[in-house]
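To start, the structure under review is shown below, and the notes come after it.
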Amino acid sequence: MLKSMTGFGKAVVEANHLTVTAEVKSLNSKFTDIYCRIPKTFSSREIEIRNILTQQLERGKIEFNLQVQYTDTTAGTSVNRALVQAYVKDLTETAAIFGNIETTELLKIALTMPNAFNTDAVSEEQSEAEWKVIVQAVNKALEECNKFRLREGAIVQAKFIEYAQSIGNLLTEVAELDKTRIPGVRERLRKSVSDLLQDENFDKNRFEQELVYYVEKYDISEEKVRLRTHLDYFQTIVKEGNGKKLNFLSQEIGREINTIGSKANDVGIQRLVVNMKDELEKIKEQTSNVL
């Protein structure tokens, strides 16, 4: 099934004295572009998180946000009191230059400074247990994101089929107009032949070359067949859910439409070609947002 690159997922998991909130947002992109916002305590796990995101989301501009809160202070990191005290002292002296600032505010600032918390107290077993909770939250958020992508993909799939069928209907109208166009082309050729026959310097070989040229120039039979084939195959690929193939096939459809427009030399067909191009542009806009 077709899957969109646009998605959003959020999950909250509580276990092992932790409350982990994972949030994933993805948008369309030709490449995999990941931006992670995670607590410094778990910065060593960023590569692992990126690998999980890449495996499950494949491609897109991905923004990941992780928040970890300890529900039990004995299980989390401890405050580096000596360093925080030094931070508060320095901040107090600095604040005195600009005016009095409440100690509570200074403490909040000090707690955001580097190494304000000790992480040495966390054992390896506890660290692994916390990591398992984080992975669980990440996977749940990704599951929600992929569900979102599938829902968006279903909407895009229906639009793709609608646009392809619209082009197919316009092609049917082109075929009908082409039946009345051919007699007009023949009449122009007949008049050209009459003029040539009246010319004393009539060159039979040149005439045959001109005739072949006009037949090839105005005949759009092959283009109509190829375009119909491309449209049928496009609807098959839509159901398979391959965005790259859809993008390539839409380019092939565009080539056939352009050739029909340039060779037809007919006002009615030209108008239909413009409408076909309009529908094709809608397809191209969507192919950039599917996997």
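Order determines the names: the first chain of the structure tokens is A, the second B, and so forth; residues in each chain are numbered 1 upward, and ligands are numbered 1 upward as they are shown.
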- request: Would you list the contacts of Lys282 of chain A as a VMD selection string, taking every protein, DNA or RNA residue within 9 Å and counting only C-alpha atoms, but skipping same-chain residues closer than 6 positions in sequence?
  value: chain A and resid 159 to 160 163
Take the selection from the previous step and output its residues with N, CA, C and O atoms, as a PDB file, in the first residue's frame.
```pdb
ATOM      1  N   LYS A 159      -6.237   9.817  -4.823  1.00  0.00           N
ATOM      2  CA  LYS A 159      -6.051  10.973  -5.699  1.00  0.00           C
ATOM      3  C   LYS A 159      -5.283  10.592  -6.964  1.00  0.00           C
ATOM      4  O   LYS A 159      -5.610  11.037  -8.061  1.00  0.00           O
ATOM      5  N   PHE A 160      -4.259   9.761  -6.796  1.00  0.00           N
ATOM      6  CA  PHE A 160      -3.485   9.305  -7.944  1.00  0.00           C
ATOM      7  C   PHE A 160      -4.377   8.609  -8.975  1.00  0.00           C
ATOM      8  O   PHE A 160      -4.299   8.883 -10.176  1.00  0.00           O
ATOM      9  N   TYR A 163      -6.599  11.159 -10.730  1.00  0.00           N
ATOM     10  CA  TYR A 163      -5.892  11.965 -11.722  1.00  0.00           C
ATOM     11  C   TYR A 163      -5.560  11.139 -12.970  1.00  0.00           C
ATOM     12  O   TYR A 163      -5.685  11.629 -14.104  1.00  0.00           O
TER      13      TYR A 163
END
```
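For the residues A:Val290, A:Ile49, A:Leu2, A:Val225, ranking by smallest atom-to-atom distance to Ala175 of chain A using only C-alpha atoms places A:Val225 first.
The smallest atom-to-atom distance between Arg37 of chain A and any of A:Ala22, A:Val13, A:Ala164, A:Ala86, using only C-alpha atoms, is found for A:Ala22.
For Phe64 of chain A, the residues within 9 Å (counting only C-alpha atoms, excluding itself and residues fewer than 6 positions away along the chain) are Ala22, Glu23, Val24, Lys25, Ser26, Ile34, Tyr35, Cys36, Arg37, Ile38 and Leu53 of chain A.
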Using only N, CA and C atoms, please write the residues we just selected to a file, as a PDB file, in the first residue's frame.
```pdb
ATOM      1  N   ALA A  22       8.245  10.181  23.717  1.00  0.00           N
ATOM      2  CA  ALA A  22       8.922  10.204  22.412  1.00  0.00           C
ATOM      3  C   ALA A  22       7.969  10.791  21.374  1.00  0.00           C
ATOM      4  N   GLU A  23       8.482  11.688  20.568  1.00  0.00           N
ATOM      5  CA  GLU A  23       7.663  12.357  19.552  1.00  0.00           C
ATOM      6  C   GLU A  23       8.406  12.358  18.219  1.00  0.00           C
ATOM      7  N   VAL A  24       7.733  11.926  17.159  1.00  0.00           N
ATOM      8  CA  VAL A  24       8.344  11.840  15.830  1.00  0.00           C
ATOM      9  C   VAL A  24       7.486  12.597  14.831  1.00  0.00           C
ATOM     10  N   LYS A  25       8.139  13.429  14.021  1.00  0.00           N
ATOM     11  CA  LYS A  25       7.447  14.137  12.941  1.00  0.00           C
ATOM     12  C   LYS A  25       8.271  13.977  11.674  1.00  0.00           C
ATOM     13  N   SER A  26       7.626  13.638  10.570  1.00  0.00           N
ATOM     14  CA  SER A  26       8.347  13.461   9.311  1.00  0.00           C
ATOM     15  C   SER A  26       7.665  14.218   8.172  1.00  0.00           C
ATOM     16  N   ILE A  34      17.746  13.563   9.487  1.00  0.00           N
ATOM     17  CA  ILE A  34      17.248  13.350  10.850  1.00  0.00           C
ATOM     18  C   ILE A  34      17.777  14.426  11.798  1.00  0.00           C
ATOM     19  N   TYR A  35      16.862  15.011  12.551  1.00  0.00           N
ATOM     20  CA  TYR A  35      17.235  15.957  13.613  1.00  0.00           C
ATOM     21  C   TYR A  35      16.738  15.394  14.935  1.00  0.00           C
ATOM     22  N   CYS A  36      17.679  15.174  15.859  1.00  0.00           N
ATOM     23  CA  CYS A  36      17.338  14.579  17.166  1.00  0.00           C
ATOM     24  C   CYS A  36      17.508  15.595  18.280  1.00  0.00           C
ATOM     25  N   ARG A  37      16.510  15.641  19.163  1.00  0.00           N
ATOM     26  CA  ARG A  37      16.613  16.436  20.375  1.00  0.00           C
ATOM     27  C   ARG A  37      16.416  15.475  21.549  1.00  0.00           C
ATOM     28  N   ILE A  38      17.536  15.122  22.219  1.00  0.00           N
ATOM     29  CA  ILE A  38      17.488  14.144  23.318  1.00  0.00           C
ATOM     30  C   ILE A  38      18.265  14.677  24.517  1.00  0.00           C
ATOM     31  N   LEU A  53      15.257   5.004  13.682  1.00  0.00           N
ATOM     32  CA  LEU A  53      14.451   5.915  12.870  1.00  0.00           C
ATOM     33  C   LEU A  53      14.625   5.624  11.379  1.00  0.00           C
TER      34      LEU A  53
END
```
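Distances to Lys10 of chain A were evaluated for A:Asn80, A:Ser166, A:Asn65, A:Asn247 using only C-alpha atoms, and the minimum falls at A:Asn65.
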